[in-house]
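**Q** Sharing target-v3.txt here; it has compact mmCIF, C-alpha atoms and all ligand atoms.
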# COMPACT_ATOMS: atom_id res chain seq x y z
CA MET K 217 -18.37 5.94 -6.01
CA THR K 218 -17.28 2.39 -5.20
CA THR K 219 -19.69 0.68 -2.78
CA ALA K 220 -19.04 -1.90 -0.05
CA CYS K 221 -21.31 -4.06 2.14
CA VAL K 222 -20.75 -6.21 5.22
CA ALA K 223 -22.36 -9.64 5.64
CA GLY K 224 -22.31 -10.53 9.35
CA GLY K 225 -22.34 -6.86 10.34
CA ALA K 226 -23.59 -7.25 13.92
CA GLY K 227 -20.39 -8.77 15.33
CA TYR K 228 -17.23 -7.07 16.53
CA ILE K 229 -15.43 -7.41 13.20
CA GLY K 230 -18.58 -6.32 11.36
CA GLY K 231 -18.81 -3.21 13.55
CA GLU K 232 -15.20 -2.34 12.94
CA LEU K 233 -15.62 -2.79 9.17
CA ILE K 234 -18.65 -0.48 9.18
CA ARG K 235 -16.74 2.12 11.25
CA LEU K 236 -13.80 2.09 8.81
CA LEU K 237 -16.05 2.16 5.72
CA LEU K 238 -18.10 5.10 7.06
CA GLY K 239 -14.85 7.03 7.48
CA HIS K 240 -13.39 6.01 4.14
CA PRO K 241 -12.85 8.91 1.73
CA ARG K 242 -13.18 6.91 -1.49
CA VAL K 243 -15.63 4.08 -0.77
CA GLU K 244 -19.29 4.30 0.21
CA PHE K 245 -20.76 2.04 2.89
CA ALA K 246 -23.87 0.52 1.26
CA GLY K 247 -25.30 -1.87 3.87
CA ALA K 248 -24.78 -4.59 6.46
CA SER K 249 -26.70 -7.79 7.16
CA SER K 250 -27.60 -9.63 10.34
CA ALA K 251 -30.01 -12.52 10.86
CA THR K 252 -30.73 -11.68 14.48
CA LEU K 253 -30.87 -7.86 14.13
CA ALA K 254 -32.47 -7.46 10.67
CA GLY K 255 -34.55 -4.26 10.64
CA ARG K 256 -32.79 -2.86 13.73
CA ARG K 257 -30.54 0.18 13.62
CA ILE K 258 -26.84 -0.44 13.10
CA ASP K 259 -25.94 2.10 15.79
CA GLY K 260 -27.92 0.03 18.27
CA ALA K 261 -25.37 -2.78 18.02
CA HIS K 262 -22.42 -0.42 17.45
CA PRO K 263 -23.11 2.68 19.60
CA ASN K 264 -19.83 4.36 18.56
CA LEU K 265 -21.48 4.86 15.13
CA ARG K 266 -24.30 7.11 16.47
CA GLY K 267 -24.66 10.16 14.26
CA LEU K 268 -22.62 8.56 11.48
CA THR K 269 -25.31 6.35 9.95
CA ASP K 270 -29.10 6.03 10.17
CA ALA K 271 -29.07 2.67 8.39
CA SER K 272 -30.53 -0.58 9.74
CA PHE K 273 -29.31 -4.15 9.25
CA THR K 274 -30.83 -6.03 6.32
CA GLU K 275 -31.68 -9.71 6.30
CA PRO K 276 -28.91 -11.98 5.02
CA GLY K 277 -29.37 -12.34 1.27
CA ARG K 278 -31.05 -8.89 0.97
CA LEU K 279 -27.93 -6.78 0.77
CA PRO K 280 -27.83 -4.36 -2.18
CA ARG K 281 -25.49 -5.07 -5.08
CA CYS K 282 -22.07 -3.67 -4.33
CA ASP K 283 -18.49 -3.65 -5.63
CA VAL K 284 -16.85 -5.11 -2.53
CA LEU K 285 -18.45 -7.51 -0.06
CA PHE K 286 -16.87 -8.23 3.31
CA THR K 287 -17.99 -11.47 4.99
CA ALA K 288 -17.55 -11.54 8.77
CA ALA K 289 -19.36 -14.72 9.81
CA PRO K 290 -18.04 -17.21 12.37
CA HIS K 291 -15.70 -19.88 11.04
CA THR K 292 -17.38 -23.06 9.74
CA ARG K 293 -20.42 -20.89 8.87
CA ALA K 294 -18.57 -18.51 6.57
CA MET K 295 -18.09 -21.25 3.93
CA ALA K 296 -21.77 -21.24 3.03
CA ALA K 297 -22.12 -17.46 3.46
CA VAL K 298 -19.30 -16.85 0.97
CA ARG K 299 -20.71 -19.36 -1.52
CA GLU K 300 -24.02 -17.43 -1.55
CA HIS K 301 -22.30 -14.20 -2.59
CA LEU K 302 -19.96 -15.50 -5.25
CA ASP K 303 -22.24 -14.89 -8.23
CA THR K 304 -22.97 -11.25 -7.33
CA GLY K 305 -19.87 -10.02 -9.13
CA ALA K 306 -18.52 -8.33 -6.02
CA VAL K 307 -14.94 -8.68 -4.87
CA VAL K 308 -15.28 -10.91 -1.78
CA ILE K 309 -13.06 -10.28 1.23
CA ASP K 310 -13.62 -12.96 3.88
CA LEU K 311 -12.55 -12.40 7.48
CA SER K 312 -13.15 -15.93 8.78
CA GLY K 313 -10.79 -18.86 9.03
CA ASP K 314 -12.64 -20.83 6.36
CA PHE K 315 -10.56 -19.87 3.33
CA ARG K 316 -7.17 -19.34 4.92
CA LEU K 317 -5.74 -22.86 4.74
CA ARG K 318 -4.94 -24.24 1.29
CA ASP K 319 -5.33 -27.88 2.32
CA PRO K 320 -8.88 -29.03 3.22
CA GLY K 321 -7.41 -31.90 5.27
CA GLU K 322 -5.50 -29.40 7.37
CA TYR K 323 -8.74 -27.39 7.74
CA GLU K 324 -10.58 -30.41 9.10
CA ARG K 325 -7.77 -31.20 11.55
CA TYR K 326 -7.75 -27.67 12.98
CA TYR K 327 -11.46 -26.74 12.72
CA GLY K 328 -12.97 -30.12 13.49
CA VAL K 329 -15.38 -30.23 10.52
CA PRO K 330 -14.89 -31.12 6.86
CA HIS K 331 -14.57 -28.21 4.44
CA THR K 332 -17.82 -28.00 2.45
CA GLU K 333 -16.43 -25.82 -0.37
CA PRO K 334 -12.94 -27.23 -0.99
CA GLU K 335 -13.07 -26.37 -4.69
CA LEU K 336 -13.18 -22.67 -3.77
CA LEU K 337 -9.96 -22.71 -1.75
CA ASP K 338 -7.60 -22.27 -4.68
CA GLY K 339 -9.44 -19.14 -5.80
CA PHE K 340 -8.59 -17.22 -2.60
CA VAL K 341 -5.50 -15.06 -2.20
CA SER K 342 -4.11 -14.57 1.29
CA GLY K 343 -4.95 -11.05 2.45
CA LEU K 344 -1.64 -10.13 4.00
CA PRO K 345 -0.34 -7.16 1.97
CA GLU K 346 3.17 -7.45 3.41
CA LEU K 347 3.54 -10.89 1.79
CA HIS K 348 1.05 -10.87 -1.11
CA ARG K 349 0.67 -7.27 -2.26
CA ALA K 350 0.85 -7.94 -6.01
CA GLU K 351 -1.62 -10.86 -5.92
CA ILE K 352 -4.12 -8.90 -3.80
CA ALA K 353 -4.11 -6.07 -6.35
CA THR K 354 -5.80 -8.34 -8.91
CA ALA K 355 -7.68 -10.82 -6.68
CA ASP K 356 -11.47 -11.18 -6.67
CA ARG K 357 -11.44 -13.39 -3.55
CA ILE K 358 -9.32 -12.49 -0.59
CA SER K 359 -9.01 -14.33 2.72
CA VAL K 360 -7.76 -12.16 5.57
CA PRO K 361 -5.47 -14.00 8.02
CA GLY K 362 -6.20 -14.48 11.73
CA CYS K 363 -5.20 -11.80 14.22
CA MET K 364 -2.54 -13.76 16.10
CA ALA K 365 -1.33 -15.37 12.88
CA THR K 366 -0.83 -11.91 11.33
CA ALA K 367 1.23 -10.79 14.32
CA ALA K 368 3.37 -13.95 14.39
CA ILE K 369 3.93 -14.01 10.62
CA LEU K 370 5.01 -10.35 10.55
CA ALA K 371 7.25 -10.91 13.60
CA LEU K 372 9.01 -13.96 12.15
CA HIS K 373 9.05 -13.34 8.41
CA PRO K 374 12.19 -11.13 8.28
CA LEU K 375 14.15 -13.78 10.20
CA VAL K 376 12.91 -16.74 8.19
CA ARG K 377 13.24 -15.05 4.81
CA SER K 378 16.81 -13.97 5.46
CA GLY K 379 17.86 -17.38 6.78
CA LEU K 380 18.65 -15.95 10.23
CA ALA K 381 16.17 -18.20 12.04
CA VAL K 382 16.71 -21.93 12.28
CA GLY K 383 14.52 -24.65 13.79
CA GLU K 384 10.93 -24.51 14.95
CA PRO K 385 9.78 -21.13 16.31
CA ARG K 386 7.70 -21.09 19.53
CA VAL K 387 4.92 -18.54 19.56
CA ASP K 388 3.53 -17.35 22.90
CA ALA K 389 0.44 -15.31 22.04
CA ARG K 390 -1.66 -13.13 24.36
CA THR K 391 -5.07 -11.88 23.32
CA GLY K 392 -7.79 -9.56 24.60
CA SER K 393 -11.41 -10.67 24.96
CA SER K 394 -12.78 -9.09 21.73
CA GLY K 395 -10.78 -11.70 19.82
CA SER K 396 -13.47 -14.23 20.74
CA GLY K 397 -16.31 -12.25 19.16
CA ALA K 398 -19.45 -10.64 20.54
CA SER K 399 -21.26 -13.81 21.51
CA ALA K 400 -18.50 -16.06 22.86
CA ALA K 401 -19.38 -18.20 25.86
CA HIS K 402 -17.38 -17.76 29.10
CA ASN K 403 -16.31 -14.30 27.93
CA THR K 404 -18.04 -12.25 30.60
CA HIS K 405 -16.32 -9.47 32.52
CA ALA K 406 -16.39 -11.62 35.65
CA GLU K 407 -14.43 -14.35 33.88
CA ARG K 408 -12.07 -12.25 31.78
CA SER K 409 -11.17 -9.28 33.96
CA GLY K 410 -7.71 -9.83 35.42
CA ALA K 411 -7.48 -13.33 33.97
CA LEU K 412 -4.39 -14.94 32.45
CA ARG K 413 -6.16 -17.95 31.01
CA VAL K 414 -3.99 -20.31 28.98
CA TYR K 415 -6.88 -21.42 26.81
CA ALA K 416 -4.93 -23.05 23.98
CA PRO K 417 -1.73 -24.59 25.36
CA LEU K 418 -1.14 -26.58 22.17
CA GLY K 419 -2.44 -26.71 18.62
CA HIS K 420 -4.31 -23.39 18.26
CA ARG K 421 -5.86 -22.95 14.79
CA HIS K 422 -3.61 -20.04 13.91
CA GLU K 423 -0.60 -22.38 14.22
CA ALA K 424 -1.57 -23.89 10.86
CA GLU K 425 -1.76 -20.45 9.21
CA ILE K 426 1.65 -19.41 10.50
CA ARG K 427 3.17 -22.69 9.31
CA GLN K 428 1.63 -22.24 5.87
CA ALA K 429 2.88 -18.65 5.53
CA LEU K 430 6.40 -19.26 6.81
CA GLY K 431 6.88 -22.67 5.21
CA ARG K 432 8.09 -24.24 8.45
CA PRO K 433 6.52 -25.82 11.51
CA VAL K 434 5.81 -23.67 14.58
CA ARG K 435 4.41 -24.37 18.04
CA MET K 436 1.91 -21.98 19.56
CA THR K 437 0.36 -21.24 22.96
CA VAL K 438 -2.46 -18.75 23.48
CA THR K 439 -3.34 -16.95 26.70
CA GLY K 440 -6.47 -14.85 27.15
CA ILE K 441 -5.71 -11.68 29.12
CA GLY K 442 -7.90 -9.00 30.70
CA ALA K 443 -7.60 -6.43 27.88
CA VAL K 444 -10.54 -5.90 25.50
CA ARG K 445 -8.54 -5.18 22.34
CA GLY K 446 -5.01 -6.22 21.54
CA VAL K 447 -2.76 -9.10 20.63
CA GLN K 448 0.90 -9.54 21.48
CA VAL K 449 3.07 -12.45 20.35
CA LEU K 450 6.46 -13.43 21.73
CA CYS K 451 8.21 -15.71 19.25
CA TRP K 452 11.36 -17.58 20.23
CA THR K 453 13.66 -19.14 17.69
CA ARG K 454 17.33 -20.13 17.33
CA LEU K 455 19.69 -17.95 15.35
CA ALA K 456 21.69 -19.36 12.45
CA PRO K 457 25.38 -19.87 13.27
CA GLY K 458 27.22 -16.55 13.31
CA ALA K 459 24.06 -14.40 13.35
CA GLY K 460 23.56 -11.83 16.13
CA PRO K 461 21.79 -8.57 16.98
CA ARG K 462 23.40 -6.63 14.14
CA GLU K 463 22.18 -9.01 11.40
CA VAL K 464 18.76 -9.28 13.02
CA ARG K 465 18.27 -5.51 13.12
CA ALA K 466 19.40 -5.19 9.51
CA ALA K 467 16.89 -7.85 8.45
CA TYR K 468 13.95 -6.03 10.08
CA ARG K 469 15.10 -2.64 8.83
CA THR K 470 15.28 -3.76 5.20
CA ARG K 471 12.19 -5.93 5.28
CA TYR K 472 9.83 -3.24 6.57
CA ALA K 473 11.41 0.02 5.34
CA ALA K 474 8.66 0.56 2.74
CA GLU K 475 5.68 -0.88 4.66
CA PRO K 476 3.02 1.71 5.56
CA PHE K 477 1.64 -0.24 8.52
CA VAL K 478 4.59 -2.14 10.00
CA ARG K 479 6.87 -0.24 12.38
CA VAL K 480 10.07 -1.63 13.80
CA VAL K 481 10.11 -0.98 17.54
CA ALA K 482 13.26 -2.21 19.24
CA ALA K 483 14.48 0.61 21.46
CA ARG K 484 17.32 0.37 23.96
CA ARG K 485 15.96 3.04 26.22
CA GLY K 486 12.75 4.38 27.69
CA PRO K 487 9.55 2.64 28.74
CA HIS K 488 8.36 1.74 25.21
CA ARG K 489 11.12 -0.63 24.06
CA LEU K 490 9.16 -3.42 22.40
CA PRO K 491 5.71 -3.65 20.77
CA ASP K 492 2.77 -3.23 23.13
CA PRO K 493 -0.83 -3.41 21.88
CA LYS K 494 -2.03 -0.78 24.38
CA ILE K 495 -1.15 2.17 22.14
CA LEU K 496 -2.43 0.48 18.97
CA ALA K 497 -6.15 0.32 19.78
CA GLY K 498 -8.10 1.49 16.73
CA ALA K 499 -4.97 1.88 14.56
CA ASN K 500 -3.92 -0.30 11.63
CA PHE K 501 -0.30 -0.68 12.69
CA CYS K 502 1.50 -3.89 13.51
CA ASP K 503 4.57 -3.02 15.56
CA VAL K 504 7.38 -5.58 15.40
CA GLY K 505 10.59 -5.76 17.39
CA PHE K 506 13.24 -8.15 18.64
CA ALA K 507 15.90 -8.88 21.20
CA ALA K 508 18.78 -11.06 20.06
CA ASP K 509 21.58 -12.92 21.84
CA GLU K 510 25.10 -12.54 20.63
CA ALA K 511 26.12 -14.84 17.78
CA GLY K 512 24.82 -18.39 17.94
CA GLY K 513 22.11 -17.79 20.54
CA GLU K 514 18.40 -17.21 20.34
CA VAL K 515 16.22 -14.36 19.17
CA LEU K 516 12.94 -13.17 20.61
CA ALA K 517 10.66 -11.59 17.98
CA VAL K 518 7.75 -9.55 19.35
CA ALA K 519 4.73 -8.17 17.54
CA ALA K 520 1.61 -6.30 18.66
CA LEU K 521 -1.58 -5.17 16.93
CA ASP K 522 -5.25 -4.43 17.49
CA ASN K 523 -6.97 -7.74 16.70
CA LEU K 524 -10.00 -5.94 15.26
CA VAL K 525 -7.96 -3.58 13.03
CA LYS K 526 -4.62 -4.84 11.62
CA GLY K 527 -5.69 -8.25 12.94
CA GLY K 528 -8.99 -8.14 11.00
CA ALA K 529 -11.11 -5.26 9.66
CA GLY K 530 -8.30 -2.74 9.06
CA ASN K 531 -6.20 -5.30 7.22
CA ALA K 532 -9.28 -6.17 5.12
CA VAL K 533 -9.73 -2.47 4.21
CA GLN K 534 -6.01 -2.29 3.35
CA CYS K 535 -6.59 -5.22 0.96
CA MET K 536 -9.62 -3.45 -0.52
CA ASN K 537 -7.54 -0.31 -1.11
CA LEU K 538 -4.92 -2.38 -2.93
CA ARG K 539 -7.53 -4.16 -5.01
CA LEU K 540 -9.20 -0.87 -5.99
CA GLY K 541 -5.90 0.85 -6.75
CA LEU K 542 -6.47 3.42 -3.97
CA PRO K 543 -3.72 4.78 -1.73
CA GLU K 544 -3.04 1.97 0.75
CA ARG K 545 -3.56 4.25 3.76
CA SER K 546 -7.03 5.49 2.66
CA GLY K 547 -9.43 5.37 5.60
CA LEU K 548 -6.72 3.93 7.85
CA GLU K 549 -4.89 7.04 8.99
CA PHE K 550 -5.80 6.87 12.69
CA SER K 551 -2.64 6.99 14.79
CA GLY K 552 -3.91 5.34 17.96
CA LEU K 553 -4.12 7.06 21.36
CA HIS K 554 -1.69 7.84 24.12
CA PRO K 555 -2.39 7.76 26.97
CA VAL K 556 -5.28 5.33 26.69
CA MET W 164 25.39 12.01 9.49
CA ILE W 165 26.87 9.79 12.16
CA THR W 166 26.39 6.08 12.65
CA CYS W 167 24.77 4.88 15.87
CA PRO W 168 27.29 2.65 17.69
CA GLU W 169 24.43 0.54 19.04
CA CYS W 170 22.31 -0.23 15.95
CA GLU W 171 24.23 1.23 13.00
CA GLY W 172 21.27 3.49 12.22
CA ARG W 173 21.94 6.87 10.59
CA VAL W 174 21.72 9.78 13.02
CA ALA W 175 21.79 13.45 12.00
CA ALA W 176 24.84 15.19 13.48
CA PRO W 177 24.18 18.33 15.56
CA GLU W 178 24.85 21.54 13.66
CA GLU W 179 27.31 22.95 16.19
CA PRO W 180 28.30 19.96 18.30
CA ARG W 181 29.62 20.42 21.84
CA VAL W 182 31.37 17.79 23.95
CA HIS W 183 28.89 16.01 26.33
CA GLU W 184 25.94 17.03 24.13
CA ILE W 185 23.36 14.23 23.83
CA VAL W 186 21.81 13.19 20.51
CA GLU W 187 19.13 10.53 20.20
CA CYS W 188 19.09 7.69 17.66
CA ALA W 189 15.64 7.57 16.03
CA GLU W 190 15.89 3.87 15.37
CA CYS W 191 16.97 2.31 18.68
CA ARG W 192 16.44 5.40 20.89
CA SER W 193 19.94 5.17 22.35
CA GLU W 194 21.28 8.36 23.85
CA LEU W 195 24.58 9.18 22.22
CA GLU W 196 27.05 11.50 23.91
CA VAL W 197 29.43 13.62 21.86
CA VAL W 198 32.91 12.62 23.08
CA GLY W 199 35.12 14.18 20.37
CA LEU W 200 34.75 17.01 17.86
CA ASP W 201 37.36 16.60 15.17
CA PRO W 202 36.49 14.10 13.93
CA LEU W 203 32.99 14.00 15.47
CA LEU W 204 32.81 11.01 17.83
CA VAL W 205 29.84 9.73 19.83
CA ALA W 206 29.54 7.01 22.48
CA LEU W 207 26.58 5.43 24.24
CA ALA W 208 25.55 7.63 27.16
CA PRO W 209 25.09 5.90 30.55
CA GLU W 210 21.46 5.00 31.30
CA VAL W 211 19.17 4.18 34.19
CA GLU W 212 17.63 0.72 33.88
CA GLU W 213 13.96 -0.01 34.42
CA ASP W 214 13.21 -2.80 36.88
CA TRP W 215 9.69 -4.09 37.45
CA GLY W 216 10.84 -6.64 40.00
CA GLU W 217 9.52 -10.17 40.39
N1 LIG Q 1 -12.65 -10.86 16.79
C1 LIG Q 1 -11.46 -10.81 16.22
O1 LIG Q 1 -10.50 -10.29 16.79
C2 LIG Q 1 -11.28 -11.36 14.84
C3 LIG Q 1 -10.11 -11.02 14.15
C4 LIG Q 1 -9.93 -11.52 12.84
C5 LIG Q 1 -10.88 -12.34 12.28
N2 LIG Q 1 -12.00 -12.69 13.00
C6 LIG Q 1 -12.98 -13.56 12.34
O2 LIG Q 1 -14.02 -12.73 11.86
C7 LIG Q 1 -15.27 -13.43 11.93
C8 LIG Q 1 -16.24 -12.60 12.76
O3 LIG Q 1 -15.67 -12.47 14.07
P1 LIG Q 1 -16.34 -11.59 15.21
O4 LIG Q 1 -15.34 -11.48 16.29
O5 LIG Q 1 -16.93 -10.38 14.65
O6 LIG Q 1 -17.50 -12.57 15.70
P2 LIG Q 1 -18.92 -12.18 16.34
O7 LIG Q 1 -18.75 -10.91 17.09
O8 LIG Q 1 -19.38 -13.39 17.05
O9 LIG Q 1 -19.84 -11.89 15.09
C9 LIG Q 1 -20.13 -12.83 14.13
C10 LIG Q 1 -21.34 -12.36 13.37
O10 LIG Q 1 -21.63 -13.26 12.31
C11 LIG Q 1 -23.03 -13.31 12.13
N3 LIG Q 1 -23.37 -14.64 11.60
C12 LIG Q 1 -23.63 -15.78 12.29
N4 LIG Q 1 -23.87 -16.78 11.45
C13 LIG Q 1 -23.79 -16.28 10.20
C14 LIG Q 1 -23.94 -16.82 8.91
N5 LIG Q 1 -24.23 -18.11 8.72
N6 LIG Q 1 -23.77 -16.00 7.85
C15 LIG Q 1 -23.47 -14.68 8.00
N7 LIG Q 1 -23.31 -14.14 9.23
C16 LIG Q 1 -23.46 -14.92 10.30
C17 LIG Q 1 -23.65 -13.04 13.48
O11 LIG Q 1 -24.77 -12.18 13.33
P3 LIG Q 1 -26.21 -12.71 12.95
O12 LIG Q 1 -26.36 -14.09 13.52
O13 LIG Q 1 -27.14 -11.71 13.53
O14 LIG Q 1 -26.25 -12.71 11.44
C18 LIG Q 1 -22.56 -12.28 14.25
O15 LIG Q 1 -22.90 -10.94 14.45
C19 LIG Q 1 -14.96 -14.80 12.56
O16 LIG Q 1 -14.84 -15.76 11.55
C20 LIG Q 1 -13.64 -14.57 13.25
O17 LIG Q 1 -12.88 -15.74 13.33
C21 LIG Q 1 -12.21 -12.19 14.26
ZN ZN Q 2 20.64 3.37 17.22
What do you get writing this file as C-alpha cells?

**A**
Amino acid sequence: MTTACVAGGAGYIGGELIRLLLGHPRVEFAGASSATLAGRRIDGAHPNLRGLTDASFTEPGRLPRCDVLFTAAPHTRAMAAVREHLDTGAVVIDLSGDFRLRDPGEYERYYGVPHTEPELLDGFVSGLPELHRAEIATADRISVPGCMATAAILALHPLVRSGLAVGEPRVDARTGSSGSGASAAHNTHAERSGALRVYAPLGHRHEAEIRQALGRPVRMTVTGIGAVRGVQVLCWTRLAPGAGPREVRAAYRTRYAAEPFVRVVAARRGPHRLPDPKILAGANFCDVGFAADEAGGEVLAVAALDNLVKGGAGNAVQCMNLRLGLPERSGLEFSGLHPV
Amino acid sequence: MITCPECEGRVAAPEEPRVHEIVECAECRSELEVVGLDPLLVALAPEVEEDWGE
C-alpha cells in the first residue's frame, strides 16, 4: 500500500492531515513528526484520533521512508523543512506559504524575509485541482494554496476566465480562529469569542496568491470572527458591459459542472441562499455563489470552505489522490453536518 | 423538462401536472407554479422574504 507521513504533525493542519490519512481507503498513514512532542502519543495532541492510532510523534528527520510526505510547518520555516526532505524520493506536498508565490521578490514583500530556497520555486506546481489538475497528476512537488486564497480564487475564476469581470476585485474575507494555527498569539477564547477583528485591512499575504492565480490585481481585507473553523469571502467586482445575472449564472454552471468539490449555491429562496462555512466543517467542499446586478452593474461572488479541509489538508489529500491516480474523492467523502 | 424562468436551469416536469401545483428548481431553488397545462407553463410563485433587520 502507498504510505504517507506528515512533517509538522502536531499543529492543526497536521492533525487534520493525520485524521484524513487514517480514514483513507487506499493510503496508509506511516508517521508524523514534531520537535516539541517527539515520543508523545499523537492522540494526545489530537484527541479526536483516540482509538484510531496508537502511534507517537517522531523527531523531525526520523520519519520513515514513505511515498508521499506532507509538510505542515509555519511559513518561513517550511522552506528549510522541505529542503531536508527533497532527496527522500517522496512526493512532497507542502501546506505552507513558502512555495506558493513564483517570484521570490514578491515573497519577501509579503512575508518580510528573503526566500532561502528560490531555486526550488519553479519545481512546485500549485495544488489547486480546479485550475491545475493535469499538472498535479504528474508533479513531485506540490504547493497547496492558502485557505482564503482558495476561496477567493474559486469564487472569482469563472468570472475572470469568461471575461465577465472587469477591473480590480475587492475581497472581503472572514476567518475562524483555527486559521491562525495552534500556537498563535492573541488567539485565546477571551480574545476571539464574539470578535469581529479586522486584523489585515490591507495587503494580506493571500492577496499575492489570488493575484498570481487570476492574473489581475485584487485588494483584500481580512476579519477574524468568533468561529473556530470556516472561511467566507465576499468578492466585489464590476461586470463587463452588457453582462448580467443570466451570463454570470451560466459561467458558474459551466465552470464547475464537473468539479467533485465545488458546488454552486445561489438560491433565490430559503435560508441557505449563498455559501456559509457553518455547514462545511470537516467536509472538502468549497461552495461558491453570486448575486449580480442587471447589465452593466456589479457582481458579488461568495465562497465558503473549512480552512483546515478544502482550505488546507483536504485539498492536499485531493492533490495526493490525483498524483497517485486514485479516485479524487477517496478519503474525502464526508458530507459535513447539519445542524452543527 | 421545463426551463426555470429565473435561472434557465432544467427542471423535471411533473408527471400529471395540475394548475397551481408547485415544482422546485434544483439549481436556484425557486418555487415554480404551474399556470397552464397545454402547453405546460410555469411562473415564479410568490415568496415570503427573510429580513434580519439592522
Ligand atoms: N490553519 C489553517 O487554516 C491553514 C490552512 C492552510 C494552510 N495553513 C498552513 O499550514 C501550515 C501549518 O499551519 P497550522 O495552522 O497547522 O499551524 P500550527 O497549528 O501552528 O502548527 C505548525 C506546526 O509546525 C511545527 N513546526 C514548527 N517549526 C517547524 C519546522 N521548522 N519544521 C517542521 N515543523 C515545524 C510545529 O510543531 P513542532 O514545533 O512540535 O515541530 C507545529 O505543530 C502553515 O504554514 C500555515 O500557513 C494553515
Ligand atoms: Zn432556477

**Q** Give me the residues near Glu187 of chain W as a list in words, where near means some atom within 10 Å (using only C-alpha atoms) and where sequence neighbours in that chain fewer than 2 positions away do not count.

**A**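 Surrounding residues, per the criterion: Cys167, Val174, Ala175, Ala176, Ile185, Ala189, Glu190, Cys191, Arg192, Ser193, Glu194, Leu195, Glu196, Leu207 and Ala208 of chain W.
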
**Q** With only C-alpha atoms and all ligand atoms as the atoms that count, which of K:Pro461, K:Pro241, K:Gly440, K:Gly392 lies nearest to ligand LIG 1 (chain Q)?

**A**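 Nearest to ligand LIG 1 (chain Q): K:Gly392.
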
**Q** Record the distance separating atom CA of Val504 of chain K and atom CA of Ala368 of chain K, expressed in Å with one decimal.

**A**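 Those two atoms sit 9.3 Å apart.
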
**Q** Within 12 Å of Tyr228 of chain K, counting all atoms listed in the file, which residues show up once you throw out same-chain ones fewer than 5 positions away? Write them as a PyMOL selection string, please.

**A** chain K and resi 222+233-235+261-264+288-290+311+393-400+444-445+523-525+528-529

**Q** Go ahead and compute the interatomic distance for atom CA of Met364 of chain K and atom CA of Ala251 of chain K, in Å to one decimal.

**A**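 Answer for the atom CA of Met364 of chain K to atom CA of Ala251 of chain K separation: 28.0 Å.
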
**Q** May I have the centre and edge lengths, in Å to one decimal, of an axis-aligned box around the listed atoms of ligand LIG 1 (chain Q) with 6 Å added to every side, as JSON?

**A**
{"center_x": -18.5, "center_y": -14.2, "center_z": 12.5, "size_x": 29.2, "size_y": 19.8, "size_z": 21.2}

**Q** Counting all atoms listed in the file, which of K:Arg357, K:Arg281, K:Arg469, K:Arg349 gets nearest to ligand ZN 2 (chain Q)?

**A**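 Closest to ligand ZN 2 (chain Q) of all the choices is K:Arg469.
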
**Q** Just checking: using only C-alpha atoms, which residue out of W:Val186, W:Cys170, W:Met164, W:Val198 ends up closest to chain K?

**A** W:Cys170

**Q** Nearest to ligand ZN 2 (chain Q): which of W:Val182, W:Cys188, W:Leu200, W:Ala206 is it, counting all atoms listed in the file?

**A** W:Cys188

**Q** I need the chain K residues near chain W as a CSV table (one decimal) with C-alpha atoms, keeping the file's coordinate frame; criterion: at most 9 Å, counting all atoms listed in the file.

**A**
chain,number,residue,atom,x,y,z
K,461,PRO,CA,21.8,-8.6,17.0
K,462,ARG,CA,23.4,-6.6,14.1
K,465,ARG,CA,18.3,-5.5,13.1
K,466,ALA,CA,19.4,-5.2,9.5
K,480,VAL,CA,10.1,-1.6,13.8
K,481,VAL,CA,10.1,-1.0,17.5
K,482,ALA,CA,13.3,-2.2,19.2
K,483,ALA,CA,14.5,0.6,21.5
K,484,ARG,CA,17.3,0.4,24.0
K,485,ARG,CA,16.0,3.0,26.2
K,486,GLY,CA,12.8,4.4,27.7
K,487,PRO,CA,9.6,2.6,28.7
K,489,ARG,CA,11.1,-0.6,24.1

**Q** Can you find the residues with an atom no farther than 10 Å from (5.2, -26.2, 18.3), counting all atoms listed in the file, and report them as a list in words?

**A**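 The distance filter leaves exactly Glu384, Pro385, Arg386, Val387, Leu418, Gly419, His420, Glu423, Arg427, Pro433, Val434, Arg435, Met436 and Thr437 of chain K.
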